[in-house]
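Have a look at model-v6.txt; it's compact mmCIF, C-alpha atoms:
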```txt
# COMPACT_ATOMS: atom_id res chain seq x y z
CA MET A 820 -144.35 -126.12 21.40
CA GLY A 821 -146.02 -123.21 19.66
CA LYS A 822 -147.11 -123.37 16.03
CA VAL A 823 -145.22 -122.05 13.01
CA LEU A 824 -147.20 -119.17 11.53
CA GLY A 825 -147.02 -118.45 7.80
CA ILE A 826 -148.15 -115.08 6.48
CA ILE A 827 -148.72 -114.23 2.82
CA GLY A 828 -147.47 -110.65 2.71
CA GLY A 829 -144.77 -109.04 4.81
CA GLY A 830 -145.64 -105.35 4.62
CA GLN A 831 -146.74 -103.20 7.53
CA LEU A 832 -149.71 -105.43 8.37
CA GLY A 833 -147.48 -108.50 8.37
CA MET A 834 -145.02 -106.55 10.50
CA MET A 835 -147.60 -105.78 13.17
CA ILE A 836 -148.96 -109.35 13.10
CA THR A 837 -145.38 -110.57 13.59
CA GLU A 838 -144.88 -108.22 16.54
CA ALA A 839 -148.09 -109.48 18.14
CA ALA A 840 -147.06 -113.10 17.50
CA LYS A 841 -143.71 -112.52 19.21
CA LYS A 842 -145.65 -111.71 22.38
CA MET A 843 -147.41 -115.12 22.24
CA PRO A 844 -144.45 -117.58 22.35
CA GLU A 845 -146.55 -120.24 24.06
CA HIS A 846 -148.78 -120.35 20.96
CA ILE A 847 -146.44 -119.31 18.11
CA SER A 848 -142.82 -120.46 17.90
CA LYS A 849 -141.82 -118.99 14.53
CA ILE A 850 -143.15 -116.63 11.85
CA ILE A 851 -142.42 -117.00 8.12
CA VAL A 852 -143.64 -114.45 5.57
CA LEU A 853 -143.93 -114.72 1.79
CA ASP A 854 -143.23 -111.36 0.17
CA PRO A 855 -141.57 -110.22 -3.08
CA VAL A 856 -139.66 -107.33 -1.45
CA ALA A 857 -136.32 -108.28 0.12
CA ASP A 858 -135.94 -107.01 3.72
CA CYS A 859 -139.70 -106.44 3.94
CA SER A 860 -141.21 -104.77 7.00
CA ALA A 861 -142.10 -108.06 8.74
CA SER A 862 -138.59 -109.48 8.26
CA GLN A 863 -137.19 -106.43 10.08
CA VAL A 864 -139.01 -107.45 13.28
CA GLY A 865 -138.03 -111.11 13.33
CA ALA A 866 -139.99 -112.98 10.66
CA GLU A 867 -138.18 -115.33 8.32
CA GLN A 868 -138.85 -114.53 4.67
CA ILE A 869 -139.50 -116.42 1.44
CA ILE A 870 -138.85 -113.90 -1.33
CA ALA A 871 -141.45 -114.53 -4.03
CA ASP A 872 -144.63 -113.13 -5.52
CA PHE A 873 -147.82 -113.51 -3.45
CA LYS A 874 -149.30 -115.76 -6.17
CA ASP A 875 -146.19 -117.89 -6.76
CA LYS A 876 -147.51 -121.46 -6.58
CA ASN A 877 -144.20 -123.08 -5.58
CA ALA A 878 -143.59 -120.44 -2.92
CA ILE A 879 -147.07 -120.96 -1.42
CA ILE A 880 -146.46 -124.74 -1.38
CA GLU A 881 -143.09 -124.16 0.35
CA LEU A 882 -144.72 -121.86 2.91
CA ALA A 883 -147.43 -124.46 3.61
CA LYS A 884 -144.85 -127.22 4.16
CA LYS A 885 -142.93 -125.05 6.62
CA SER A 886 -146.02 -123.76 8.50
CA ASP A 887 -148.71 -125.18 10.77
CA ILE A 888 -151.11 -122.34 10.06
CA ILE A 889 -151.27 -119.74 7.26
CA THR A 890 -152.93 -116.36 7.17
CA TYR A 891 -152.53 -113.29 4.94
CA GLU A 892 -152.14 -109.54 5.12
CA ILE A 893 -153.07 -109.00 1.47
CA GLU A 894 -155.91 -110.62 -0.49
CA SER A 895 -153.81 -111.20 -3.62
CA GLY A 896 -152.90 -114.82 -2.85
CA ASP A 897 -154.10 -117.57 -5.19
CA SER A 898 -157.17 -119.05 -3.46
CA GLU A 899 -157.04 -122.22 -5.60
CA VAL A 900 -153.42 -122.92 -4.64
CA LEU A 901 -154.22 -122.16 -1.00
CA LYS A 902 -157.11 -124.64 -1.15
CA SER A 903 -154.73 -127.29 -2.51
CA VAL A 904 -152.27 -126.94 0.39
CA GLU A 905 -154.83 -127.25 3.20
CA LYS A 906 -153.53 -130.79 3.75
CA ASP A 907 -150.20 -129.28 4.86
CA ALA A 908 -151.36 -126.26 6.87
CA GLU A 909 -154.54 -124.84 8.34
CA ILE A 910 -155.52 -121.69 6.43
CA ASN A 911 -157.59 -118.85 7.85
CA PRO A 912 -159.54 -116.97 6.70
CA SER A 913 -160.54 -119.94 4.53
CA PRO A 914 -159.60 -120.12 0.82
CA GLU A 915 -163.35 -120.23 0.02
CA THR A 916 -163.86 -116.94 1.83
CA LEU A 917 -160.82 -115.41 0.14
CA LYS A 918 -162.14 -116.46 -3.28
CA ILE A 919 -165.46 -114.71 -2.62
CA ILE A 920 -163.94 -111.54 -1.17
CA GLN A 921 -161.08 -110.97 -3.63
CA ASP A 922 -163.59 -110.71 -6.51
CA LYS A 923 -165.69 -107.62 -5.77
CA PHE A 924 -168.59 -108.81 -7.93
CA LEU A 925 -168.70 -112.19 -6.14
CA GLN A 926 -168.37 -110.39 -2.81
CA LYS A 927 -171.29 -108.04 -3.50
CA SER A 928 -173.38 -110.91 -4.91
CA PHE A 929 -172.70 -113.01 -1.79
CA LEU A 930 -173.70 -110.15 0.51
CA ALA A 931 -176.85 -109.35 -1.48
CA GLU A 932 -177.87 -113.06 -1.49
CA ASN A 933 -177.62 -112.98 2.31
CA ASN A 934 -179.80 -109.84 2.54
CA ILE A 935 -176.89 -107.67 3.66
CA PRO A 936 -177.30 -104.09 2.34
CA VAL A 937 -174.93 -103.02 -0.48
CA PRO A 938 -175.10 -100.36 -3.22
CA GLU A 939 -176.78 -101.50 -6.45
CA PHE A 940 -174.31 -103.17 -8.82
CA LEU A 941 -174.11 -105.19 -12.02
CA GLN A 942 -171.55 -107.16 -14.02
CA VAL A 943 -169.87 -105.50 -17.02
CA ASN A 944 -168.55 -107.72 -19.82
CA SER A 945 -168.68 -105.23 -22.69
CA ILE A 946 -169.03 -101.55 -23.41
CA SER A 947 -172.71 -102.15 -24.24
CA ASP A 948 -173.17 -103.62 -20.73
CA LEU A 949 -171.56 -100.47 -19.36
CA LYS A 950 -173.85 -98.17 -21.37
CA GLN A 951 -176.95 -100.11 -20.28
CA GLY A 952 -175.80 -99.99 -16.66
CA LEU A 953 -175.27 -96.24 -16.83
CA GLU A 954 -178.78 -95.81 -18.26
CA LYS A 955 -180.04 -97.66 -15.18
CA PHE A 956 -177.83 -96.05 -12.49
CA GLY A 957 -177.29 -92.59 -14.01
CA TYR A 958 -174.31 -90.33 -13.34
CA PRO A 959 -172.05 -90.43 -11.49
CA SER A 960 -171.47 -94.20 -11.29
CA LEU A 961 -168.39 -96.21 -10.37
CA LEU A 962 -166.73 -98.63 -12.76
CA LYS A 963 -164.59 -101.08 -10.76
CA ALA A 964 -162.05 -103.78 -11.47
CA ARG A 965 -163.34 -106.95 -9.88
CA ARG A 966 -159.93 -108.12 -8.67
CA ASP A 967 -156.52 -106.89 -7.47
CA ALA A 968 -157.58 -103.36 -6.55
CA TYR A 969 -157.07 -101.50 -3.30
CA ASP A 970 -156.78 -97.89 -2.09
CA GLY A 971 -159.23 -96.93 -4.84
CA ARG A 972 -156.76 -97.91 -7.58
CA GLY A 973 -159.33 -100.09 -9.34
CA ASN A 974 -162.08 -97.46 -9.51
CA PHE A 975 -163.12 -95.04 -12.26
CA LYS A 976 -165.85 -92.53 -11.45
CA ILE A 977 -167.91 -91.83 -14.58
CA ASP A 978 -169.49 -88.39 -14.40
CA SER A 979 -170.85 -88.10 -17.97
CA SER A 980 -171.40 -90.06 -21.17
CA SER A 981 -168.25 -88.49 -22.67
CA GLN A 982 -166.15 -90.59 -20.24
CA ILE A 983 -167.64 -94.00 -21.10
CA GLN A 984 -165.00 -95.09 -23.62
CA ALA A 985 -162.10 -93.73 -21.55
CA ALA A 986 -163.38 -95.53 -18.45
CA PHE A 987 -163.78 -98.82 -20.28
CA ASP A 988 -160.33 -98.56 -21.92
CA TYR A 989 -158.69 -97.59 -18.61
CA PHE A 990 -159.07 -101.14 -17.28
CA ASN A 991 -157.45 -102.81 -20.33
CA LYS A 992 -159.83 -105.80 -20.65
CA LYS A 993 -160.01 -106.62 -16.93
CA ASN A 994 -163.19 -108.16 -15.49
CA LEU A 995 -165.42 -105.27 -14.40
CA MET A 996 -168.52 -104.30 -12.46
CA LEU A 997 -170.56 -101.11 -12.29
CA GLU A 998 -171.88 -99.71 -9.05
CA ARG A 999 -174.44 -97.03 -8.35
CA PHE A 1000 -172.70 -94.05 -6.73
CA VAL A 1001 -173.71 -93.53 -3.10
CA PRO A 1002 -173.79 -89.87 -1.99
CA PHE A 1003 -172.74 -90.85 1.52
CA LYS A 1004 -172.29 -88.44 4.40
CA MET A 1005 -169.62 -90.52 6.11
CA GLU A 1006 -167.33 -93.49 5.48
CA VAL A 1007 -167.11 -95.81 8.46
CA SER A 1008 -165.81 -99.26 9.27
CA ILE A 1009 -165.98 -102.02 11.83
CA ILE A 1010 -163.14 -104.38 12.69
CA ALA A 1011 -164.79 -107.74 13.34
CA ALA A 1012 -163.31 -111.03 14.50
CA ARG A 1013 -164.50 -114.62 14.30
CA ASN A 1014 -162.54 -117.48 15.83
CA THR A 1015 -162.41 -121.09 14.63
CA LYS A 1016 -165.12 -122.02 17.15
CA GLY A 1017 -167.57 -119.46 15.77
CA GLN A 1018 -167.21 -116.83 18.51
CA ILE A 1019 -167.72 -113.32 17.05
CA LYS A 1020 -166.65 -109.96 18.48
CA THR A 1021 -166.66 -106.49 16.95
CA TYR A 1022 -164.73 -103.33 17.80
CA PRO A 1023 -166.70 -100.07 17.99
CA LEU A 1024 -167.60 -98.27 14.75
CA VAL A 1025 -164.95 -95.82 13.51
CA GLU A 1026 -165.05 -92.91 11.08
CA ASN A 1027 -162.66 -92.83 8.12
CA ILE A 1028 -161.44 -89.80 6.18
CA HIS A 1029 -159.78 -90.43 2.80
CA GLU A 1030 -157.51 -88.41 0.55
CA GLU A 1031 -157.34 -89.51 -3.09
CA ASN A 1032 -158.98 -92.83 -2.14
CA ILE A 1033 -156.30 -93.57 0.49
CA LEU A 1034 -157.17 -93.62 4.17
CA ARG A 1035 -155.66 -90.56 5.84
CA GLN A 1036 -157.20 -90.70 9.30
CA THR A 1037 -159.51 -92.78 11.46
CA ILE A 1038 -161.57 -91.36 14.32
CA ALA A 1039 -162.49 -93.81 17.08
CA PRO A 1040 -165.31 -93.82 17.96
CA ALA A 1041 -167.23 -92.57 14.90
CA ARG A 1042 -169.17 -89.35 15.39
CA VAL A 1043 -172.59 -90.92 14.83
CA THR A 1044 -175.73 -91.56 16.89
CA GLU A 1045 -176.07 -94.70 19.00
CA LYS A 1046 -178.77 -95.87 16.60
CA VAL A 1047 -176.43 -95.67 13.57
CA ALA A 1048 -173.60 -97.35 15.48
CA LYS A 1049 -175.94 -100.19 16.54
CA LYS A 1050 -177.23 -100.62 12.96
CA ALA A 1051 -173.65 -100.92 11.66
CA GLU A 1052 -172.72 -103.38 14.40
CA ASP A 1053 -175.76 -105.57 13.61
CA ILE A 1054 -174.79 -105.64 9.91
CA ALA A 1055 -171.20 -106.56 10.83
CA GLN A 1056 -172.42 -109.37 13.11
CA THR A 1057 -174.65 -110.76 10.35
CA THR A 1058 -171.78 -110.56 7.84
CA MET A 1059 -169.43 -112.47 10.15
CA THR A 1060 -172.08 -115.12 10.72
CA VAL A 1061 -172.43 -115.93 7.01
CA LEU A 1062 -168.72 -115.73 6.12
CA LYS A 1063 -166.67 -118.89 6.61
CA GLY A 1064 -163.30 -119.01 8.27
CA ALA A 1065 -161.62 -117.27 11.15
CA GLY A 1066 -159.68 -114.06 11.55
CA ILE A 1067 -160.11 -110.31 11.50
CA PHE A 1068 -162.26 -108.75 8.78
CA GLY A 1069 -162.28 -105.02 8.00
CA ILE A 1070 -165.85 -104.15 7.00
CA GLU A 1071 -166.00 -100.78 5.21
CA MET A 1072 -169.41 -99.08 5.07
CA PHE A 1073 -171.18 -95.92 3.98
CA VAL A 1074 -173.56 -93.93 6.16
CA THR A 1075 -176.13 -92.46 3.75
CA LYS A 1076 -177.81 -89.09 4.11
CA THR A 1077 -180.83 -90.89 5.58
CA ASP A 1078 -178.65 -92.78 8.10
CA GLU A 1079 -178.86 -96.11 6.31
CA ILE A 1080 -175.79 -98.37 6.33
CA LEU A 1081 -174.44 -99.97 3.13
CA ILE A 1082 -171.37 -102.20 2.95
CA ASN A 1083 -168.80 -100.81 0.53
CA GLU A 1084 -166.35 -103.70 0.72
CA ILE A 1085 -164.76 -106.24 3.04
CA ALA A 1086 -161.09 -107.00 3.58
CA PRO A 1087 -160.42 -110.54 4.91
CA ARG A 1088 -157.51 -109.39 7.04
CA VAL A 1089 -156.34 -106.88 9.62
CA HIS A 1090 -157.19 -103.41 8.39
CA ASN A 1091 -155.70 -99.91 8.28
CA SER A 1092 -158.73 -98.49 10.12
CA GLY A 1093 -157.98 -100.85 13.03
CA HIS A 1094 -154.50 -99.50 13.79
CA HIS A 1095 -155.96 -97.35 16.56
CA THR A 1096 -156.52 -100.56 18.57
CA LEU A 1097 -152.77 -100.77 19.26
CA GLN A 1098 -153.29 -98.07 21.90
CA SER A 1099 -157.06 -97.58 22.22
CA SER A 1100 -157.98 -101.13 23.20
CA LYS A 1101 -156.92 -103.80 25.65
CA VAL A 1102 -156.42 -106.27 22.78
CA SER A 1103 -155.18 -104.96 19.41
CA GLN A 1104 -156.65 -106.16 16.11
CA PHE A 1105 -153.33 -107.97 15.48
CA GLU A 1106 -153.46 -110.01 18.66
CA GLN A 1107 -157.18 -110.59 18.09
CA HIS A 1108 -156.48 -111.92 14.60
CA LEU A 1109 -154.00 -114.42 16.01
CA ARG A 1110 -156.38 -115.43 18.79
CA ALA A 1111 -159.08 -116.00 16.16
CA ILE A 1112 -157.02 -118.20 13.81
CA LEU A 1113 -155.52 -120.15 16.72
CA GLY A 1114 -158.97 -120.94 18.14
CA LEU A 1115 -158.38 -119.03 21.38
CA GLU A 1116 -161.01 -117.07 23.27
CA LEU A 1117 -161.39 -113.65 21.65
CA GLY A 1118 -160.15 -110.67 23.67
CA ASP A 1119 -161.88 -107.54 24.93
CA THR A 1120 -162.89 -105.12 22.15
CA MET A 1121 -164.00 -102.22 24.34
CA LEU A 1122 -162.61 -98.80 23.41
CA LEU A 1123 -160.61 -97.63 26.43
CA HIS A 1124 -159.80 -94.16 25.06
CA PRO A 1125 -160.98 -92.06 22.11
CA THR A 1126 -158.16 -92.20 19.57
CA ILE A 1127 -157.26 -90.70 16.21
CA MET A 1128 -155.08 -92.66 13.79
CA TYR A 1129 -153.23 -90.59 11.17
CA ASN A 1130 -151.46 -92.23 8.22
CA ILE A 1131 -148.02 -90.94 7.26
CA LEU A 1132 -147.92 -90.96 3.46
CA GLY A 1133 -145.12 -90.24 1.02
CA PRO A 1134 -145.40 -86.77 -0.58
CA LYS A 1135 -146.83 -86.71 -4.11
CA ASN A 1136 -143.82 -84.94 -5.63
CA PHE A 1137 -141.00 -86.99 -4.09
CA GLU A 1138 -139.43 -90.41 -4.38
CA GLY A 1139 -136.30 -91.44 -2.49
CA GLU A 1140 -134.78 -91.88 0.95
CA TYR A 1141 -136.24 -89.69 3.66
CA SER A 1142 -135.15 -88.37 7.04
CA THR A 1143 -136.11 -90.12 10.26
CA LEU A 1144 -139.34 -88.96 11.87
CA ASN A 1145 -139.52 -88.39 15.61
CA ILE A 1146 -142.16 -87.03 17.92
CA SER A 1147 -142.05 -86.94 21.71
CA LYS A 1148 -145.44 -86.53 23.31
CA GLU A 1149 -146.94 -88.61 26.07
CA ASN A 1150 -150.20 -89.46 24.29
CA VAL A 1151 -148.81 -89.73 20.74
CA PHE A 1152 -147.54 -93.08 19.48
CA LEU A 1153 -145.54 -93.08 16.24
CA LYS A 1154 -145.16 -96.33 14.30
CA MET A 1155 -142.90 -96.41 11.24
CA TYR A 1156 -142.88 -99.40 8.89
CA GLY A 1157 -139.18 -99.60 8.02
CA LYS A 1158 -139.68 -98.71 4.37
CA LYS A 1159 -136.45 -97.06 3.23
CA ILE A 1160 -137.86 -95.38 0.11
CA SER A 1161 -140.70 -92.88 0.05
CA LYS A 1162 -142.97 -93.03 -3.00
CA PRO A 1163 -145.97 -90.81 -3.77
CA LEU A 1164 -148.78 -91.64 -1.30
CA ARG A 1165 -146.95 -94.76 -0.04
CA LYS A 1166 -147.92 -95.71 3.51
CA LEU A 1167 -144.73 -95.22 5.51
CA GLY A 1168 -146.13 -95.24 9.03
CA HIS A 1169 -148.93 -94.00 11.24
CA LEU A 1170 -149.44 -92.29 14.55
CA ASN A 1171 -152.11 -92.71 17.17
CA ILE A 1172 -153.19 -89.76 19.31
CA VAL A 1173 -154.86 -91.13 22.43
CA GLY A 1174 -157.34 -89.18 24.55
CA THR A 1175 -156.02 -90.22 27.95
CA ASN A 1176 -157.30 -87.29 30.04
CA ASN A 1177 -160.98 -87.20 29.11
CA GLN A 1178 -160.11 -85.36 25.90
CA THR A 1179 -162.87 -85.03 23.33
CA ILE A 1180 -162.53 -85.96 19.67
CA ASP A 1181 -162.49 -82.24 18.79
CA GLN A 1182 -159.58 -81.68 21.16
CA LEU A 1183 -157.69 -84.62 19.64
CA LEU A 1184 -158.32 -83.28 16.12
CA ASN A 1185 -156.95 -79.93 17.22
CA GLU A 1186 -153.89 -81.66 18.66
CA LEU A 1187 -153.39 -83.50 15.37
CA SER A 1188 -153.50 -80.23 13.40
CA GLN A 1189 -150.70 -78.89 15.62
CA ILE A 1190 -148.34 -81.84 15.12
CA LYS A 1191 -148.91 -82.70 11.43
CA ASP A 1192 -145.87 -80.65 10.37
CA LYS A 1193 -143.62 -82.64 12.72
CA VAL A 1194 -144.37 -85.87 10.85
CA LYS A 1195 -144.05 -84.59 7.29
CA VAL A 1196 -141.82 -86.78 5.14
CA LYS A 1197 -138.75 -84.92 3.84
CA SER A 1198 -135.78 -85.98 1.74
CA ILE A 1199 -132.47 -86.59 3.49
```
Take the structure in this file and express it as structure tokens.
Amino acid sequence: MGKVLGIIGGGQLGMMITEAAKKMPEHISKIIVLDPVADCSASQVGAEQIIADFKDKNAIIELAKKSDIITYEIESGDSEVLKSVEKDAEINPSPETLKIIQDKFLQKSFLAENNIPVPEFLQVNSISDLKQGLEKFGYPSLLKARRDAYDGRGNFKIDSSSQIQAAFDYFNKKNLMLERFVPFKMEVSIIAARNTKGQIKTYPLVENIHEENILRQTIAPARVTEKVAKKAEDIAQTTMTVLKGAGIFGIEMFVTKTDEILINEIAPRVHNSGHHTLQSSKVSQFEQHLRAILGLELGDTMLLHPTIMYNILGPKNFEGEYSTLNISKENVFLKMYGKKISKPLRKLGHLNIVGTNNQTIDQLLNELSQIKDKVKVKSI
């Protein structure tokens, strides 16, 4: 009999993990997700659902009792509660790793202690700490919430001394850190996997383009030199070696103007910039994640085709039900997440454009520019 898989989070990532799990019935017999939204994306593709907050202690205990193995698609779970239920279910990535990663200051400190390159940073406990930090780092600098921030929502870029008070007040007494601003020339990431036996594999480096701190498109492979790609891969390998626990990790990095690599942050889960692997690779990041946490041999990570992933986001000026999106093109793969309501910049789906006939990245980008209008979200 296969194992019962529990997932904290049932959004689009949980949905695609569920779909991958359904293709592995010999290893996984049932999927249960914990998510506060009724009829969440994962439940629409066959996962059972516990409707509760990600941090709900009783719900996590219930999930552990019903599951053989637990993973997560969002790093908002309570690591202490997860640690306490390890007697009931195996948890990967490990609660210890989650605890380090979900606090950005602890994460950066851990990486720095292991000689992994990160931007300069310091802890901020008061406005005087912030002022001293800005004297050290100069302008601009980034003030960040240490916890519960994603898609840039926990960042405040301070461009001048006149913004200090506003930046500090913006976070309403949350735990903070200050980071030296990196004038990068490119944002990149590596999807890396480590299984329970310590085997590590990485997918090729990809290039990420953001709009308002939200990933808009990923270009696979990244348009960098072999030397830069190798440097990033080495850093990813080192990072995976020092982190405990199994699963997929999305390692976001900056390429500086002098071609140095700095880690921006790590997500202990499948990652938006790995969606291209659904069509570009023999084994998707979702199957790889399952293979990793189940202790199976990791799959092939070679890029079979250059691919561009484009996120379909809700328009800024609209909230409500939207019309169905369709596109019919041999090398274009549209994936919608079953979210009935569009909200400003909400991730509603993505598409992958695959270079199947020796197409170059430039040709794929041109193809994307021609079809963007066909996947614009419009009200019904």
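Excluding stretch 1152-1166 of chain A itself and any same-chain residue fewer than 3 positions from it, the protein and nucleic acid residues within 7 Å of it, counting all atoms listed in the file, are Gln831, Ser860, Asn1130, Ile1131, Leu1132, Gly1133, Pro1134, Lys1135, Asn1136, Phe1137, Glu1138, Gly1139, Glu1140, Tyr1141, His1169, Leu1170, Asn1171 and Ile1172 of chain A.
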Could you list, as a ChimeraX atom specification, every residue within 10 Å of stretch 1002-1005 of chain A, counting all atoms listed in the file and ignoring same-chain residues fewer than 2 positions away?
/A:959,999-1000,1007,1026-1028,1041-1043,1072-1081
Contacts of stretch 975-977 of chain A at 9 Å or less, counting all atoms listed in the file, minus same-chain residues fewer than 4 places along, as a short mmCIF file (atom, residue, chain, number, x, y, z; two decimals) with C-alpha atoms, in the frame of the given file?
```
data_model
loop_
_atom_site.label_atom_id
_atom_site.label_comp_id
_atom_site.auth_asym_id
_atom_site.auth_seq_id
_atom_site.Cartn_x
_atom_site.Cartn_y
_atom_site.Cartn_z
CA LEU A 953 -175.27 -96.24 -16.83
CA TYR A 958 -174.31 -90.33 -13.34
CA PRO A 959 -172.05 -90.43 -11.49
CA SER A 960 -171.47 -94.20 -11.29
CA LEU A 961 -168.39 -96.21 -10.37
CA LEU A 962 -166.73 -98.63 -12.76
CA LYS A 963 -164.59 -101.08 -10.76
CA ALA A 964 -162.05 -103.78 -11.47
CA GLY A 971 -159.23 -96.93 -4.84
CA SER A 981 -168.25 -88.49 -22.67
CA GLN A 982 -166.15 -90.59 -20.24
CA ILE A 983 -167.64 -94.00 -21.10
CA ALA A 986 -163.38 -95.53 -18.45
CA PHE A 987 -163.78 -98.82 -20.28
CA TYR A 989 -158.69 -97.59 -18.61
CA PHE A 990 -159.07 -101.14 -17.28
CA PHE A 1000 -172.70 -94.05 -6.73
#
```
At a cut-off of 10 Å around the point (-153.8, -119.1, -1.7) (file coordinates), what residues fall inside when counting all atoms listed in the file? I'd like the answer as a PyMOL selection string.
chain A and resi 827+873-876+879-880+883+889-891+894-905+910+913-915+917-918
Which residues of stretch 969-1069 of chain A sit at most 7 Å from stretch 1089-1103 of chain A, using all atoms listed in the file? Give each one's shortest atom pair and distance in Å (one decimal place), in chain and ascending residue order, as JSON lines.
```
{"residue": "A:Ile1010", "atom": "CA", "partner": "A:Gly1093", "partner_atom": "CA", "distance": 6.3}
{"residue": "A:Thr1037", "atom": "CA", "partner": "A:Ser1092", "partner_atom": "CA", "distance": 5.9}
{"residue": "A:Ile1067", "atom": "CA", "partner": "A:Val1089", "partner_atom": "CA", "distance": 5.4}
{"residue": "A:Phe1068", "atom": "CA", "partner": "A:Val1089", "partner_atom": "CA", "distance": 6.3}
{"residue": "A:Gly1069", "atom": "CA", "partner": "A:His1090", "partner_atom": "CA", "distance": 5.4}
```
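Considering all atoms listed in the file, the residue among A:Pro1087, A:Pro936, A:Gly1118, A:Gly1066 positioned nearest to A:Asp1053 is A:Pro936.
Among the candidate residues A:Lys1049, A:Thr1120, A:Ile935, A:Leu1109, the one lying nearest to A:Ile1019 is A:Thr1120, with distances computed using only C-alpha atoms.
Atom CA of A:Ile1085 is positioned 26.2 Å from atom CA of A:Ala878.
Considering all atoms listed in the file, the residue among A:Leu1167, A:Ile869, A:Ala1048, A:Met835 positioned nearest to A:Val1196 is A:Leu1167.
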Within 9 Å of stretch 926-931 of chain A, which residues of stretch 1035-1100 of chain A show up? Give each one with its shortest atom-to-atom distance in Å (one decimal) and the two atoms involved, counting all atoms listed in the file, rows by chain then rising residue number, as a tab-separated table.
```
residue	atom	partner	partner_atom	distance
A:Thr1058	CA	A:Leu930	CA	7.6
A:Val1061	CA	A:Leu930	CA	8.8
A:Ile1082	CA	A:Leu930	CA	8.6
A:Asn1083	CA	A:Lys927	CA	8.6
A:Glu1084	CA	A:Lys927	CA	7.8
A:Ile1085	CA	A:Gln926	CA	8.0
```
Interatomic distance between atom CA of A:Lys1016 and atom CA of A:Glu1116?
8.9 Å
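Atom pair atom CA of A:Ser848 / atom CA of A:Asp907: separated by 17.4 Å.
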Give the answer as one residue: which of A:Val823, A:Ile1146, A:Ala1086, A:Leu1113 has the shortest atom-to-atom distance to A:Gln921, using all atoms listed in the file?
A:Ala1086
From the set A:Ala908, A:Val1151, A:Ala1065, A:Ile1112, which residue has the shortest atom-to-atom contact distance to A:His846, counting only C-alpha atoms?
A:Ile1112
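When all atoms listed in the file are used to compute distances to A:Ile1009, the closest of the residues A:Ile1070, A:Ile1033, A:Leu1122, A:Ile1038 turns out to be A:Ile1070.
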